[in-house]
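Raw input-v7.csv, CSV, N, CA and C atoms:
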chain,number,residue,atom,x,y,z
A,1,MET,N,-20.6,-6.4,-9.4
A,1,MET,CA,-19.8,-6.2,-8.2
A,1,MET,C,-18.3,-6.4,-8.5
A,2,GLU,N,-17.6,-5.4,-8.1
A,2,GLU,CA,-16.1,-5.4,-8.5
A,2,GLU,C,-15.3,-6.5,-7.9
A,3,ILE,N,-15.7,-6.9,-6.7
A,3,ILE,CA,-14.9,-7.9,-6.0
A,3,ILE,C,-15.0,-9.2,-6.7
A,4,MET,N,-16.2,-9.5,-7.3
A,4,MET,CA,-16.4,-10.7,-8.1
A,4,MET,C,-15.5,-10.7,-9.3
A,5,GLN,N,-15.3,-9.6,-10.0
A,5,GLN,CA,-14.4,-9.5,-11.1
A,5,GLN,C,-13.0,-9.7,-10.7
A,6,ILE,N,-12.6,-9.1,-9.6
A,6,ILE,CA,-11.2,-9.3,-9.1
A,6,ILE,C,-11.0,-10.7,-8.7
A,7,VAL,N,-11.9,-11.3,-7.9
A,7,VAL,CA,-11.7,-12.7,-7.5
A,7,VAL,C,-11.7,-13.6,-8.7
A,8,GLY,N,-12.6,-13.4,-9.7
A,8,GLY,CA,-12.5,-14.2,-10.9
A,8,GLY,C,-11.2,-14.1,-11.7
A,9,LEU,N,-10.7,-12.9,-11.8
A,9,LEU,CA,-9.4,-12.6,-12.4
A,9,LEU,C,-8.3,-13.3,-11.6
A,10,ALA,N,-8.4,-13.2,-10.3
A,10,ALA,CA,-7.4,-13.9,-9.4
A,10,ALA,C,-7.4,-15.4,-9.6
A,11,LEU,N,-8.6,-16.0,-9.7
A,11,LEU,CA,-8.6,-17.4,-9.9
A,11,LEU,C,-8.0,-17.8,-11.3
A,12,VAL,N,-8.3,-17.0,-12.3
A,12,VAL,CA,-7.7,-17.3,-13.6
A,12,VAL,C,-6.2,-17.1,-13.5
A,13,ALA,N,-5.7,-16.0,-12.9
A,13,ALA,CA,-4.3,-15.8,-12.7
A,13,ALA,C,-3.6,-16.9,-11.9
A,14,ALA,N,-4.3,-17.4,-10.9
A,14,ALA,CA,-3.7,-18.4,-10.0
A,14,ALA,C,-3.5,-19.7,-10.8
A,15,VAL,N,-4.5,-20.1,-11.6
A,15,VAL,CA,-4.4,-21.3,-12.4
A,15,VAL,C,-3.3,-21.2,-13.4
A,16,LEU,N,-3.3,-20.0,-14.1
A,16,LEU,CA,-2.2,-19.8,-15.0
A,16,LEU,C,-0.8,-19.8,-14.4
A,17,LEU,N,-0.7,-19.2,-13.2
A,17,LEU,CA,0.5,-19.2,-12.5
A,17,LEU,C,1.0,-20.6,-12.1
A,18,VAL,N,0.1,-21.5,-11.7
A,18,VAL,CA,0.4,-22.8,-11.3
A,18,VAL,C,0.9,-23.6,-12.6
A,19,LEU,N,0.3,-23.4,-13.7
A,19,LEU,CA,0.7,-24.1,-14.9
A,19,LEU,C,2.0,-23.5,-15.5
A,20,ILE,N,2.2,-22.2,-15.5
A,20,ILE,CA,3.3,-21.6,-16.0
A,20,ILE,C,4.6,-21.8,-15.1
A,21,ARG,N,4.4,-21.7,-13.8
A,21,ARG,CA,5.5,-21.8,-12.9
A,21,ARG,C,6.3,-23.1,-13.1
A,22,GLN,N,5.7,-24.1,-13.5
A,22,GLN,CA,6.4,-25.4,-13.7
A,22,GLN,C,7.5,-25.3,-14.8
A,23,ASN,N,7.2,-24.6,-15.9
A,23,ASN,CA,8.1,-24.6,-17.0
A,23,ASN,C,8.9,-23.3,-17.1
A,24,LYS,N,8.2,-22.2,-16.8
A,24,LYS,CA,8.9,-20.9,-16.9
A,24,LYS,C,8.6,-20.0,-15.7
A,25,PRO,N,9.4,-20.2,-14.6
A,25,PRO,CA,9.1,-19.5,-13.4
A,25,PRO,C,9.3,-18.0,-13.5
A,26,GLU,N,10.2,-17.5,-14.4
A,26,GLU,CA,10.4,-16.1,-14.6
A,26,GLU,C,9.2,-15.4,-15.2
A,27,LEU,N,8.5,-16.2,-16.1
A,27,LEU,CA,7.2,-15.7,-16.7
A,27,LEU,C,6.1,-15.6,-15.7
A,28,ALA,N,6.1,-16.5,-14.7
A,28,ALA,CA,5.1,-16.6,-13.7
A,28,ALA,C,5.3,-15.3,-12.8
A,29,VAL,N,6.5,-14.9,-12.5
A,29,VAL,CA,6.7,-13.7,-11.7
A,29,VAL,C,6.1,-12.5,-12.4
A,30,GLN,N,6.4,-12.4,-13.7
A,30,GLN,CA,5.9,-11.3,-14.5
A,30,GLN,C,4.3,-11.3,-14.6
A,31,LEU,N,3.7,-12.5,-14.7
A,31,LEU,CA,2.3,-12.5,-14.7
A,31,LEU,C,1.7,-12.1,-13.3
A,32,SER,N,2.4,-12.5,-12.3
A,32,SER,CA,2.0,-12.1,-10.9
A,32,SER,C,2.0,-10.6,-10.8
A,33,ILE,N,3.1,-10.0,-11.3
A,33,ILE,CA,3.2,-8.5,-11.2
A,33,ILE,C,2.1,-7.8,-12.0
A,34,ALA,N,1.9,-8.4,-13.2
A,34,ALA,CA,0.8,-7.8,-14.1
A,34,ALA,C,-0.5,-7.9,-13.4
A,35,PHE,N,-0.8,-9.0,-12.7
A,35,PHE,CA,-2.1,-9.1,-12.0
A,35,PHE,C,-2.2,-8.1,-10.9
A,36,GLY,N,-1.1,-7.9,-10.2
A,36,GLY,CA,-1.1,-6.8,-9.2
A,36,GLY,C,-1.4,-5.4,-9.7
A,37,VAL,N,-0.8,-5.1,-10.9
A,37,VAL,CA,-1.0,-3.8,-11.5
A,37,VAL,C,-2.4,-3.7,-12.0
A,38,ILE,N,-3.0,-4.7,-12.5
A,38,ILE,CA,-4.4,-4.7,-13.0
A,38,ILE,C,-5.3,-4.4,-11.8
A,39,VAL,N,-5.1,-5.1,-10.7
A,39,VAL,CA,-5.9,-4.9,-9.5
A,39,VAL,C,-5.8,-3.5,-9.0
A,40,PHE,N,-4.5,-3.0,-9.0
A,40,PHE,CA,-4.3,-1.6,-8.6
A,40,PHE,C,-5.1,-0.6,-9.5
A,41,LEU,N,-5.0,-0.8,-10.8
A,41,LEU,CA,-5.7,0.0,-11.8
A,41,LEU,C,-7.2,0.0,-11.6
A,42,PHE,N,-7.8,-1.2,-11.2
A,42,PHE,CA,-9.2,-1.4,-10.9
A,42,PHE,C,-9.5,-0.5,-9.7
A,43,MET,N,-8.7,-0.4,-8.8
A,43,MET,CA,-8.9,0.3,-7.5
A,43,MET,C,-8.6,1.8,-7.5
A,44,LEU,N,-8.0,2.3,-8.6
A,44,LEU,CA,-7.6,3.7,-8.6
A,44,LEU,C,-8.8,4.7,-8.4
A,45,GLY,N,-9.9,4.4,-9.0
A,45,GLY,CA,-11.1,5.2,-8.8
A,45,GLY,C,-11.6,5.2,-7.3
A,46,LYS,N,-11.5,4.1,-6.7
A,46,LYS,CA,-11.9,4.0,-5.3
A,46,LYS,C,-10.9,4.8,-4.4
A,47,ILE,N,-9.6,4.6,-4.7
A,47,ILE,CA,-8.6,5.3,-4.0
A,47,ILE,C,-8.8,6.8,-4.1
A,48,ALA,N,-9.1,7.3,-5.3
A,48,ALA,CA,-9.3,8.7,-5.5
A,48,ALA,C,-10.5,9.2,-4.7
A,49,THR,N,-11.6,8.4,-4.7
A,49,THR,CA,-12.8,8.8,-3.9
A,49,THR,C,-12.4,8.9,-2.4
A,50,VAL,N,-11.7,8.0,-1.9
A,50,VAL,CA,-11.3,8.0,-0.5
A,50,VAL,C,-10.4,9.3,-0.2
A,51,VAL,N,-9.5,9.5,-1.0
A,51,VAL,CA,-8.6,10.7,-0.8
A,51,VAL,C,-9.4,12.0,-0.9
A,52,SER,N,-10.3,12.1,-1.8
A,52,SER,CA,-11.1,13.2,-1.9
A,52,SER,C,-12.0,13.4,-0.7
A,53,LEU,N,-12.6,12.3,-0.2
A,53,LEU,CA,-13.4,12.4,1.0
A,53,LEU,C,-12.6,12.9,2.2
A,54,PHE,N,-11.4,12.3,2.4
A,54,PHE,CA,-10.6,12.7,3.5
A,54,PHE,C,-10.1,14.2,3.4
A,55,ARG,N,-9.9,14.6,2.2
A,55,ARG,CA,-9.5,16.1,2.0
A,55,ARG,C,-10.6,17.0,2.4
A,56,ASP,N,-11.9,16.6,1.9
A,56,ASP,CA,-13.0,17.4,2.3
A,56,ASP,C,-13.3,17.4,3.8
A,57,LEU,N,-13.1,16.3,4.5
A,57,LEU,CA,-13.3,16.2,5.9
A,57,LEU,C,-12.2,17.0,6.6
A,58,ALA,N,-11.0,17.0,6.1
A,58,ALA,CA,-9.9,17.7,6.8
A,58,ALA,C,-10.2,19.2,6.6
A,59,ALA,N,-10.7,19.6,5.4
A,59,ALA,CA,-10.9,21.0,5.2
A,59,ALA,C,-12.0,21.5,6.2
A,60,ARG,N,-13.1,20.7,6.3
A,60,ARG,CA,-14.2,21.1,7.2
A,60,ARG,C,-13.8,21.1,8.7
A,61,ALA,N,-12.8,20.2,9.0
A,61,ALA,CA,-12.4,20.2,10.4
A,61,ALA,C,-11.2,21.1,10.7
A,62,ASN,N,-10.8,21.9,9.6
A,62,ASN,CA,-9.7,22.8,9.7
A,62,ASN,C,-8.4,22.1,10.2
A,63,VAL,N,-8.2,21.0,9.6
A,63,VAL,CA,-7.0,20.2,9.9
A,63,VAL,C,-5.9,20.6,8.9
A,64,ASN,N,-4.7,20.8,9.3
A,64,ASN,CA,-3.6,21.2,8.5
A,64,ASN,C,-3.4,20.1,7.4
A,65,VAL,N,-3.3,20.6,6.1
A,65,VAL,CA,-3.2,19.7,5.0
A,65,VAL,C,-1.9,18.9,5.1
A,66,PHE,N,-0.9,19.5,5.7
A,66,PHE,CA,0.4,18.8,5.8
A,66,PHE,C,0.3,17.5,6.5
A,67,TYR,N,-0.6,17.4,7.6
A,67,TYR,CA,-0.7,16.2,8.3
A,67,TYR,C,-1.5,15.1,7.5
A,68,LEU,N,-2.5,15.6,6.7
A,68,LEU,CA,-3.2,14.7,5.9
A,68,LEU,C,-2.3,14.1,4.8
A,69,SER,N,-1.5,15.0,4.2
A,69,SER,CA,-0.6,14.5,3.1
A,69,SER,C,0.4,13.5,3.7
A,70,THR,N,0.8,13.8,4.9
A,70,THR,CA,1.8,12.9,5.6
A,70,THR,C,1.1,11.5,5.8
A,71,LEU,N,-0.1,11.5,6.2
A,71,LEU,CA,-0.9,10.2,6.4
A,71,LEU,C,-1.0,9.5,5.1
A,72,PHE,N,-1.3,10.2,4.0
A,72,PHE,CA,-1.4,9.6,2.7
A,72,PHE,C,-0.1,9.0,2.3
A,73,LYS,N,1.0,9.7,2.6
A,73,LYS,CA,2.3,9.1,2.2
A,73,LYS,C,2.6,7.9,3.0
A,74,ILE,N,2.3,7.9,4.3
A,74,ILE,CA,2.5,6.7,5.1
A,74,ILE,C,1.7,5.5,4.6
A,75,ILE,N,0.4,5.7,4.2
A,75,ILE,CA,-0.4,4.7,3.7
A,75,ILE,C,0.2,4.2,2.4
A,76,GLY,N,0.6,5.1,1.5
A,76,GLY,CA,1.2,4.8,0.3
A,76,GLY,C,2.5,3.9,0.4
A,77,VAL,N,3.3,4.3,1.4
A,77,VAL,CA,4.5,3.5,1.6
A,77,VAL,C,4.1,2.1,2.1
A,78,ALA,N,3.2,2.0,2.9
A,78,ALA,CA,2.7,0.7,3.4
A,78,ALA,C,2.2,-0.2,2.3
A,79,TYR,N,1.4,0.3,1.4
A,79,TYR,CA,0.8,-0.4,0.3
A,79,TYR,C,1.9,-0.8,-0.7
A,80,VAL,N,2.7,0.1,-1.1
A,80,VAL,CA,3.8,-0.2,-2.1
A,80,VAL,C,4.7,-1.2,-1.5
A,81,ALA,N,5.1,-1.1,-0.3
A,81,ALA,CA,6.0,-2.0,0.4
A,81,ALA,C,5.4,-3.4,0.4
A,82,GLU,N,4.1,-3.5,0.8
A,82,GLU,CA,3.5,-4.8,0.8
A,82,GLU,C,3.4,-5.4,-0.6
A,83,PHE,N,3.1,-4.6,-1.6
A,83,PHE,CA,3.1,-5.2,-2.9
A,83,PHE,C,4.5,-5.6,-3.3
A,84,GLY,N,5.5,-4.8,-3.1
A,84,GLY,CA,6.9,-5.2,-3.4
A,84,GLY,C,7.3,-6.5,-2.7
A,85,ALA,N,7.0,-6.5,-1.4
A,85,ALA,CA,7.4,-7.7,-0.6
A,85,ALA,C,6.7,-9.0,-1.2
A,86,GLN,N,5.4,-8.9,-1.5
A,86,GLN,CA,4.7,-10.0,-2.1
A,86,GLN,C,5.3,-10.5,-3.4
A,87,VAL,N,5.7,-9.5,-4.2
A,87,VAL,CA,6.3,-9.9,-5.5
A,87,VAL,C,7.6,-10.6,-5.2
A,88,CYS,N,8.4,-10.1,-4.3
A,88,CYS,CA,9.6,-10.8,-3.9
A,88,CYS,C,9.4,-12.2,-3.4
A,89,ARG,N,8.3,-12.4,-2.6
A,89,ARG,CA,8.0,-13.7,-2.1
A,89,ARG,C,7.5,-14.6,-3.3
A,90,ASP,N,6.8,-14.1,-4.2
A,90,ASP,CA,6.4,-14.8,-5.4
A,90,ASP,C,7.6,-15.3,-6.2
A,91,ALA,N,8.6,-14.5,-6.2
A,91,ALA,CA,9.9,-14.9,-6.9
A,91,ALA,C,10.8,-15.8,-6.0
A,92,GLY,N,10.3,-16.1,-4.8
A,92,GLY,CA,11.1,-17.0,-4.0
A,92,GLY,C,12.1,-16.3,-3.2
A,93,GLU,N,12.0,-15.0,-3.0
A,93,GLU,CA,13.0,-14.2,-2.3
A,93,GLU,C,12.5,-13.7,-1.0
A,94,SER,N,12.3,-14.5,0.0
A,94,SER,CA,11.7,-14.1,1.2
A,94,SER,C,12.6,-13.2,2.0
A,95,ALA,N,13.9,-13.4,1.9
A,95,ALA,CA,14.9,-12.5,2.6
A,95,ALA,C,14.8,-11.1,2.0
A,96,VAL,N,14.7,-11.0,0.7
A,96,VAL,CA,14.5,-9.6,0.1
A,96,VAL,C,13.2,-9.0,0.5
A,97,ALA,N,12.2,-9.8,0.6
A,97,ALA,CA,10.9,-9.3,1.0
A,97,ALA,C,10.9,-8.7,2.4
A,98,ALA,N,11.6,-9.4,3.3
A,98,ALA,CA,11.8,-9.0,4.7
A,98,ALA,C,12.5,-7.7,4.7
A,99,LYS,N,13.5,-7.5,3.9
A,99,LYS,CA,14.3,-6.2,3.9
A,99,LYS,C,13.4,-5.1,3.4
A,100,VAL,N,12.5,-5.3,2.4
A,100,VAL,CA,11.6,-4.3,1.9
A,100,VAL,C,10.6,-3.9,3.0
A,101,GLU,N,10.1,-4.9,3.8
A,101,GLU,CA,9.2,-4.6,4.9
A,101,GLU,C,9.9,-3.8,6.0
A,102,PHE,N,11.2,-4.1,6.2
A,102,PHE,CA,12.0,-3.4,7.2
A,102,PHE,C,12.2,-2.0,6.8
A,103,ALA,N,12.5,-1.8,5.6
A,103,ALA,CA,12.7,-0.4,5.1
A,103,ALA,C,11.4,0.4,5.2
A,104,ALA,N,10.3,-0.2,4.8
A,104,ALA,CA,9.0,0.5,4.9
A,104,ALA,C,8.7,0.9,6.3
A,105,LYS,N,9.0,0.0,7.3
A,105,LYS,CA,8.7,0.4,8.7
A,105,LYS,C,9.6,1.6,9.1
A,106,ILE,N,10.8,1.6,8.7
A,106,ILE,CA,11.7,2.8,9.0
A,106,ILE,C,11.1,4.0,8.4
A,107,LEU,N,10.7,3.9,7.1
A,107,LEU,CA,10.2,5.1,6.4
A,107,LEU,C,8.9,5.6,7.0
A,108,VAL,N,8.1,4.7,7.4
A,108,VAL,CA,6.8,5.1,8.1
A,108,VAL,C,7.1,5.8,9.4
A,109,MET,N,8.1,5.3,10.2
A,109,MET,CA,8.5,6.0,11.4
A,109,MET,C,9.0,7.4,11.1
A,110,VAL,N,9.8,7.5,10.1
A,110,VAL,CA,10.4,8.8,9.8
A,110,VAL,C,9.3,9.8,9.3
A,111,LEU,N,8.4,9.3,8.5
A,111,LEU,CA,7.3,10.1,8.0
A,111,LEU,C,6.4,10.5,9.2
A,112,ALA,N,6.2,9.7,10.2
A,112,ALA,CA,5.3,10.0,11.3
A,112,ALA,C,5.9,11.0,12.3
A,113,ILE,N,7.1,11.3,12.2
A,113,ILE,CA,7.7,12.2,13.2
A,113,ILE,C,7.0,13.5,13.4
A,114,PRO,N,6.7,14.2,12.3
A,114,PRO,CA,6.0,15.5,12.5
A,114,PRO,C,4.6,15.3,13.2
A,115,ILE,N,3.9,14.3,12.9
A,115,ILE,CA,2.6,14.1,13.5
A,115,ILE,C,2.8,13.8,15.0
A,116,ILE,N,3.8,12.9,15.3
A,116,ILE,CA,4.1,12.6,16.7
A,116,ILE,C,4.5,13.9,17.5
A,117,VAL,N,5.3,14.7,16.9
A,117,VAL,CA,5.8,15.9,17.5
A,117,VAL,C,4.6,16.8,17.8
A,118,ALA,N,3.7,17.0,16.8
A,118,ALA,CA,2.5,17.8,17.0
A,118,ALA,C,1.6,17.3,18.1
A,119,ILE,N,1.4,16.0,18.2
A,119,ILE,CA,0.6,15.4,19.3
A,119,ILE,C,1.3,15.7,20.6
A,120,LEU,N,2.6,15.5,20.7
A,120,LEU,CA,3.3,15.7,22.0
A,120,LEU,C,3.2,17.2,22.4
A,121,GLU,N,3.4,18.1,21.4
A,121,GLU,CA,3.3,19.5,21.8
A,121,GLU,C,1.9,19.9,22.3
A,122,THR,N,0.9,19.3,21.7
A,122,THR,CA,-0.5,19.5,22.1
A,122,THR,C,-0.7,19.0,23.5
A,123,VAL,N,-0.2,17.8,23.8
A,123,VAL,CA,-0.3,17.3,25.2
A,123,VAL,C,0.4,18.1,26.2
A,124,ILE,N,1.6,18.6,25.8
A,124,ILE,CA,2.4,19.5,26.7
A,124,ILE,C,1.6,20.8,27.0
A,125,ARG,N,1.0,21.3,26.0
A,125,ARG,CA,0.2,22.6,26.2
A,125,ARG,C,-1.0,22.3,27.1
A,126,LEU,N,-1.5,21.1,27.1
A,126,LEU,CA,-2.7,20.9,27.9
A,126,LEU,C,-2.4,20.6,29.4
A,127,LEU,N,-1.2,20.2,29.6
A,127,LEU,CA,-0.7,19.9,31.0
A,127,LEU,C,-0.4,21.2,31.7
A,128,PRO,N,-0.8,21.3,33.0
A,128,PRO,CA,-0.5,22.6,33.8
A,128,PRO,C,1.0,22.8,34.0
Could you express the structure from this file as structure tokens?
Amino acid sequence: MEIMQIVGLALVAAVLLVLIRQNKPELAVQLSIAFGVIVFLFMLGKIATVVSLFRDLAARANVNVFYLSTLFKIIGVAYVAEFGAQVCRDAGESAVAAKVEFAAKILVMVLAIPIIVAILETVIRLLP
């Protein structure tokens, strides 16, 4: 079971981080980033499966690929921003983490504009 491997690795990383952070905090940040990258690499296959499934469903439902790719971009921005913000917090930079999250929210809003416009146009067409 993959979650057991990830949790086991997380426990090892957490213990190492506690021990290393006392003497070399900069190395602890690097270890934390490395752990995050390893977890991401573990999940790449799962992510690819989900993306493929959504593409197939969108094709069967005759949904414009533009909207699906926009949704994937929004999800990507959210995950990357969360990872970046957590790395900043691990480094003790909560203020920088908050700015990363703020920027992500703005980017998500900008990326969502075409979808919102399409929904509003559909609603307007439905109204008499």
With distances taken over only C-alpha atoms, which residue among A:Val15, A:Leu53, A:Val63, A:Ala10 lies nearest Val39 of chain A? A:Ala10
A:Ala91, A:Val77, A:Phe83, A:Leu120 ranked by distance to Phe40 of chain A, top pick (using only C-alpha atoms):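 The shortest atom-to-atom distance to Phe40 of chain A comes from A:Phe83.
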Which is closest to Glu26 of chain A among A:Val12, A:Val87, A:Ile38, A:Met4, if we use only C-alpha atoms? A:Val87
In Å to one decimal, how far is atom C of Gly84 of chain A from atom C of Ala98 of chain A?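 These atoms are spaced 9.1 Å apart.
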State, in Å with one decimal place, the distance from atom CA of Leu126 of chain A to atom N of Lys73 of chain A. 27.9 Å
Would you mind reading off the distance between atom C of Tyr67 of chain A and atom CA of Pro114 of chain A, one decimal, in Å?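 Here the two named atoms are 9.0 Å from each other.
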Fewer than 6 positions away in the same chain doesn't count, so skip those; otherwise give me all residues within 12 Å of Val108 of chain A, counting only C-alpha atoms, as an mmCIF file with N, CA and C atoms, keeping the file's coordinate frame.
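Saved result, out-v6.cif, follows:
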data_model
loop_
_atom_site.group_PDB
_atom_site.id
_atom_site.type_symbol
_atom_site.label_atom_id
_atom_site.label_comp_id
_atom_site.auth_asym_id
_atom_site.auth_seq_id
_atom_site.Cartn_x
_atom_site.Cartn_y
_atom_site.Cartn_z
ATOM 1 N N THR A 70 0.800 13.800 4.900
ATOM 2 C CA THR A 70 1.800 12.900 5.600
ATOM 3 C C THR A 70 1.100 11.500 5.800
ATOM 4 N N LEU A 71 -0.100 11.500 6.200
ATOM 5 C CA LEU A 71 -0.900 10.200 6.400
ATOM 6 C C LEU A 71 -1.000 9.500 5.100
ATOM 7 N N PHE A 72 -1.300 10.200 4.000
ATOM 8 C CA PHE A 72 -1.400 9.600 2.700
ATOM 9 C C PHE A 72 -0.100 9.000 2.300
ATOM 10 N N LYS A 73 1.000 9.700 2.600
ATOM 11 C CA LYS A 73 2.300 9.100 2.200
ATOM 12 C C LYS A 73 2.600 7.900 3.000
ATOM 13 N N ILE A 74 2.300 7.900 4.300
ATOM 14 C CA ILE A 74 2.500 6.700 5.100
ATOM 15 C C ILE A 74 1.700 5.500 4.600
ATOM 16 N N ILE A 75 0.400 5.700 4.200
ATOM 17 C CA ILE A 75 -0.400 4.700 3.700
ATOM 18 C C ILE A 75 0.200 4.200 2.400
ATOM 19 N N GLY A 76 0.600 5.100 1.500
ATOM 20 C CA GLY A 76 1.200 4.800 0.300
ATOM 21 C C GLY A 76 2.500 3.900 0.400
ATOM 22 N N VAL A 77 3.300 4.300 1.400
ATOM 23 C CA VAL A 77 4.500 3.500 1.600
ATOM 24 C C VAL A 77 4.100 2.100 2.100
ATOM 25 N N ALA A 78 3.200 2.000 2.900
ATOM 26 C CA ALA A 78 2.700 0.700 3.400
ATOM 27 C C ALA A 78 2.200 -0.200 2.300
ATOM 28 N N TYR A 79 1.400 0.300 1.400
ATOM 29 C CA TYR A 79 0.800 -0.400 0.300
ATOM 30 C C TYR A 79 1.900 -0.800 -0.700
ATOM 31 N N VAL A 80 2.700 0.100 -1.100
ATOM 32 C CA VAL A 80 3.800 -0.200 -2.100
ATOM 33 C C VAL A 80 4.700 -1.200 -1.500
ATOM 34 N N ALA A 81 5.100 -1.100 -0.300
ATOM 35 C CA ALA A 81 6.000 -2.000 0.400
ATOM 36 C C ALA A 81 5.400 -3.400 0.400
ATOM 37 N N GLU A 101 10.100 -4.900 3.800
ATOM 38 C CA GLU A 101 9.200 -4.600 4.900
ATOM 39 C C GLU A 101 9.900 -3.800 6.000
ATOM 40 N N PHE A 102 11.200 -4.100 6.200
ATOM 41 C CA PHE A 102 12.000 -3.400 7.200
ATOM 42 C C PHE A 102 12.200 -2.000 6.800
ATOM 43 N N PRO A 114 6.700 14.200 12.300
ATOM 44 C CA PRO A 114 6.000 15.500 12.500
ATOM 45 C C PRO A 114 4.600 15.300 13.200
ATOM 46 N N ILE A 115 3.900 14.300 12.900
ATOM 47 C CA ILE A 115 2.600 14.100 13.500
ATOM 48 C C ILE A 115 2.800 13.800 15.000
ATOM 49 N N ILE A 116 3.800 12.900 15.300
ATOM 50 C CA ILE A 116 4.100 12.600 16.700
ATOM 51 C C ILE A 116 4.500 13.900 17.500
#
